[in-house]
Number of protein chains: 2
Amino acid sequence: MRQAGRYLPEYRATRQRAGSFMTLCQTPELACEVTLQPLARFPLDAAIIFSDILTVPDAMGLGLSVVEGQGPQFARTVRSHADVDGLKEPDPEIELRYVMDAIRLTRRELAGRVPLIGFAGSPWTLATYMVEGRSGSDFGAIKGMLYGAPDLLHRLLERLATAVTRYLNAQIAAGAEVLMLFDSWGGVLADRAYTEFSLRYLARIVAGLDRRGAVPVIVFSKGAGHRAVDVAAIGCECVGLDWTVDLGEARRKTEGRVALQGNLDPAVLAAPPAVIRAEAAAVLESYGKGPGHVFNLGHGITPEIDPEHVAVLVDAVHGQSRALHR
Amino acid sequence: MRQAGRYLPEYRATRQRAGSFMTLCQTPELACEVTLQPLARFPLDAAIIFSDILTVPDAMGLGLSVVEGQGPQFARTVRSHADVDGLKEPDPEIELRYVMDAIRLTRRELAGRVPLIGFAGSPWTLATYMVEGRSGSDFGAIKGMLYGAPDLLHRLLERLATAVTRYLNAQIAAGAEVLMLFDSWGGVLADRAYTEFSLRYLARIVAGLDRRGAVPVIVFSKGAGHRAVDVAAIGCECVGLDWTVDLGEARRKTEGRVALQGNLDPAVLAAPPAVIRAEAAAVLESYGKGPGHVFNLGHGITPEIDPEHVAVLVDAVHGQSRALHR
């Protein structure tokens, strides 16, 4: 998840300097700067490029704005075949060049210290924002399309799968060393609908990546941990899991075919340091000994969290993980 | 889930006559009237008493109001040991007598046509509203308590388990023939936390019911379908499942030890009749032949739904279910 954010005073300073969230995303020097900020504070094992999953629908012509406290909003929504046909096919090195430049710049600044993670939203998750037009909706419009006009939704998802595949391939070319696919709203889908409207397009993207065997892909379908075995089968190297899932059980079910990423409840970071250490230990122990566990939160760090608590967590994970694997 | 609601014009008329949502809940004649409204329209197999899970915290002294479009709000929140100690112990036949009177009246009006379902919220779910003070929060306050002051939260949950047990036993005495426990926010809990802060108290309530073997209990932990086997083990007769779960898989895992209730995505009701029929059939087929399936939505019916679509669903479930079991 995003390592940078409003819980860091240095992030708030850069964010204020940028003026708007979108300017922060679209100015490679600033995006690089906030990407590196958490690494200056904490001995993290990887960096994740500072960006937003909604850069892709923005580049397709929907007009994204992010209003503080209200979340993202689009100037236009997608509700008809004409709307889908009217979407642009962004060239990642033109309309999304600011992301590629931020990746190139950050790779250079990192100088090999830790790997850099690139990412994109899943077609289903991007489609929910594009059809609803804003966050915080009850998914009435997108589900109306899913059940009432499934062909229209498939057409939108196909266009998104193509755009996301190109976007991620451009990120690889720009220097991303790991890729993550965020299916943040996969968990609102009915069981069969998840397979048809989310998983199918995640699989198509993974199959379309030009990875030359060297760029691992993590797929995180939030709220869909009970589908981990199915996600593991689409060709990704790692499956992200949220905090509702028992890592040990997911490990047994996926039988070592993929690595697992997760799964501390980010709310733990508000608790006293002793609790943070105990909960981190419980996550590590639930996975158990042996390779294949990438420790992670299932959500970004919320603004009220004390950065010292993040330091406690990173230290606990490193110390306890070494002890567990000794 | 609630069968009555704003999708029915006759409900909206009674609701307007009542003046407020709380008056509707607290006037037995009106609560009985809206409980029976869906049965006059649709050949349903059961009735569920019209009420709200937050009547219990209201009776404990928190001052509930329901503002149209904003959801429920409490005048006071629970954040300290003093707050927990200050909660009243409601006598269901005094502070919640309006619910018991509504059950008695509705049983008389039903005259045995269909069974009447009573219900309550789970301690964890009630606690989230009592600690946050309103709906739509990000669960920051209750999770802060869970990780930072677990003893305080356990004390609150214990008091709620006692109050809910007494409340449900009074509903049985008043004539409820089936009971349902709604754990609407069980799905936001981390895996171990679910066991400790939700499931434990659900089990305590089920064990404390004076059912004389004749009142089946349904437990519905929304978003926690992957824990169905654990829910099945607490002594309930039926486990509710939301639409994200495959009923057939849940049936195999629970090995016939409980009935299963679910699990059509309520968004399907906005789709054309042919889609409603197909999706209902898919739910029935996912469960398969044999006894133990209670068809249900995993959420109340939303206001924009055409009542004719509900008629299509009820007809489809009856017709297809008979064909499947012939």
# chains A, B, ... in the order shown; residues from 1 in each chain; ligands from 1
>>> residues_around(residues="Gly223 in chain A", least_positions_apart="2", cutoff="7 Å", atoms="only C-alpha atoms", output="compact mmCIF listing (two decimals) with N, CA and C atoms, in the first residue's frame")
# COMPACT_ATOMS: atom_id res chain seq x y z
N GLY A 186 -13.01 -5.76 -5.49
CA GLY A 186 -13.37 -7.13 -5.86
C GLY A 186 -14.32 -7.77 -4.85
N GLY A 187 -14.20 -7.35 -3.60
CA GLY A 187 -14.97 -7.97 -2.52
C GLY A 187 -16.44 -7.61 -2.49
N SER A 221 -6.89 -8.65 -4.26
CA SER A 221 -8.33 -8.48 -4.42
C SER A 221 -8.91 -8.34 -3.02
N GLY A 225 -10.50 -12.74 -0.09
CA GLY A 225 -9.49 -13.69 0.38
C GLY A 225 -9.92 -15.15 0.23
N ASP A 242 -6.17 -9.48 2.74
CA ASP A 242 -6.47 -8.50 3.78
C ASP A 242 -6.52 -9.19 5.15
>>> residues_around(residues="Leu62 in chain B", least_positions_apart="3", cutoff="12 Å", atoms="only C-alpha atoms", output="VMD selection string")
chain B and resid 54 to 59 65 72 to 78 83 to 84 86 to 88 90 126 to 127 129 to 134
>>> write_last_selection(atoms="C-alpha atoms", output="JSON list (two decimals), in the first residue's frame")
[["chain", "number", "residue", "atom", "x", "y", "z"],
["B", 54, "LEU", "CA", -30.29, -0.27, 17.57],
["B", 55, "THR", "CA", -33.37, -0.43, 19.82],
["B", 56, "VAL", "CA", -31.17, -2.23, 22.38],
["B", 57, "PRO", "CA", -28.45, 0.46, 22.73],
["B", 58, "ASP", "CA", -31.25, 3.05, 22.73],
["B", 59, "ALA", "CA", -32.87, 1.23, 25.66],
["B", 65, "SER", "CA", -32.31, 9.11, 16.37],
["B", 72, "PRO", "CA", -28.73, 6.30, 12.78],
["B", 73, "GLN", "CA", -27.05, 8.56, 15.31],
["B", 74, "PHE", "CA", -26.65, 8.33, 19.07],
["B", 75, "ALA", "CA", -26.82, 11.33, 21.41],
["B", 76, "ARG", "CA", -24.09, 9.76, 23.59],
["B", 77, "THR", "CA", -21.16, 7.46, 22.72],
["B", 78, "VAL", "CA", -19.37, 4.82, 24.80],
["B", 83, "ASP", "CA", -19.58, 5.06, 30.01],
["B", 84, "VAL", "CA", -19.91, 1.26, 30.09],
["B", 86, "GLY", "CA", -23.40, 3.96, 33.13],
["B", 87, "LEU", "CA", -25.33, 1.85, 30.63],
["B", 88, "LYS", "CA", -28.78, 0.80, 31.79],
["B", 90, "PRO", "CA", -33.03, -2.73, 30.02],
["B", 126, "LEU", "CA", -24.03, -2.92, 18.35],
["B", 127, "ALA", "CA", -20.74, -1.91, 19.98],
["B", 129, "TYR", "CA", -22.44, 1.97, 16.59],
["B", 130, "MET", "CA", -22.23, 2.73, 20.33],
["B", 131, "VAL", "CA", -18.51, 3.56, 20.21],
["B", 132, "GLU", "CA", -18.49, 5.36, 16.85],
["B", 133, "GLY", "CA", -21.78, 7.12, 17.59],
["B", 134, "ARG", "CA", -23.00, 6.97, 14.01]]
>>> closest_atom_pairs(of="range 103-215 of chain A", to="range 281-287 of chain B", cutoff="12 Å", atoms="only C-alpha atoms", output="tab-separated table")
residue	atom	partner	partner_atom	distance
A:Ala190	CA	B:Val283	CA	10.4
A:Asp191	CA	B:Val283	CA	10.1
A:Arg192	CA	B:Ala282	CA	9.1
A:Ala193	CA	B:Ala282	CA	11.4
>>> closest_atom_pairs(of="chain A", to="chain B", cutoff="6 Å", atoms="only C-alpha atoms", output="JSON lines")
{"residue": "A:Tyr147", "atom": "CA", "partner": "B:Ala271", "partner_atom": "CA", "distance": 5.6}
{"residue": "A:Gly148", "atom": "CA", "partner": "B:Ala271", "partner_atom": "CA", "distance": 4.8}
{"residue": "A:Ala190", "atom": "CA", "partner": "B:Thr244", "partner_atom": "CA", "distance": 4.3}
{"residue": "A:Asp191", "atom": "CA", "partner": "B:Thr244", "partner_atom": "CA", "distance": 4.5}
{"residue": "A:Trp243", "atom": "CA", "partner": "B:Ala190", "partner_atom": "CA", "distance": 4.7}
{"residue": "A:Thr244", "atom": "CA", "partner": "B:Ala190", "partner_atom": "CA", "distance": 4.3}
{"residue": "A:Val245", "atom": "CA", "partner": "B:Asp191", "partner_atom": "CA", "distance": 5.5}
{"residue": "A:Asp246", "atom": "CA", "partner": "B:Asp191", "partner_atom": "CA", "distance": 5.9}
{"residue": "A:Ala271", "atom": "CA", "partner": "B:Gly148", "partner_atom": "CA", "distance": 4.8}
>>> select_by_dssp(residues="range 59-252 of chain A", states="strand (DSSP E or B)", output="PyMOL selection string")
chain A and resi 64-67+71-74+116-121+134+178-183+217-221+238-240
>>> closest_residue(among="A:Leu313, A:Cys238, A:Met22, A:Ile49", to="Pro115 in chain A", atoms="only C-alpha atoms")
A:Ile49
>>> atom_distance(atom1="CA of Leu30 in chain A", atom2="CA of Glu308 in chain A")
23.7 Å
>>> closest_residue(among="B:Val99, B:Leu157, B:Leu110, B:Ala173", to="Leu39 in chain B", atoms="only C-alpha atoms")
B:Leu110
>>> atom_distance(atom1="CA of His299 in chain B", atom2="CA of Ile218 in chain B")
14.7 Å
>>> residues_around(residues="Asp85 in chain A", least_positions_apart="2", cutoff="12 Å", atoms="only C-alpha atoms", output="MDAnalysis selection string")
chainID A and resid 60:61 78:83 87:89 152 155:156 158:160
>>> residues_around(residues="Ala18 in chain B", least_positions_apart="5", cutoff="12 Å", atoms="only C-alpha atoms", output="list of chain:residue names")
B:Tyr11, B:Arg12, B:Ala13, B:Thr23, B:Leu24, B:Cys25, B:Gln26, B:Thr27, B:Pro28, B:Glu29, B:Leu30, B:Ala31, B:Glu33, B:Val34
>>> write_last_selection(atoms="C-alpha atoms", output="mmCIF file, in the first residue's frame")
data_model
loop_
_atom_site.group_PDB
_atom_site.id
_atom_site.type_symbol
_atom_site.label_atom_id
_atom_site.label_comp_id
_atom_site.auth_asym_id
_atom_site.auth_seq_id
_atom_site.Cartn_x
_atom_site.Cartn_y
_atom_site.Cartn_z
ATOM 1 C CA TYR B 11 -44.726 1.576 3.724
ATOM 2 C CA ARG B 12 -43.917 5.162 2.790
ATOM 3 C CA ALA B 13 -47.527 6.121 3.638
ATOM 4 C CA THR B 23 -42.119 6.333 16.176
ATOM 5 C CA LEU B 24 -42.780 3.678 13.547
ATOM 6 C CA CYS B 25 -40.598 1.214 15.473
ATOM 7 C CA GLN B 26 -42.054 2.201 18.856
ATOM 8 C CA THR B 27 -45.758 2.038 17.978
ATOM 9 C CA PRO B 28 -46.775 -1.652 18.002
ATOM 10 C CA GLU B 29 -49.813 -1.137 15.737
ATOM 11 C CA LEU B 30 -47.700 0.616 13.099
ATOM 12 C CA ALA B 31 -44.779 -1.835 13.384
ATOM 13 C CA GLU B 33 -48.898 -2.962 10.007
ATOM 14 C CA VAL B 34 -45.624 -2.572 8.072
#
>>> atom_distance(atom1="CA of Gly63 in chain B", atom2="CA of His154 in chain B")
22.2 Å
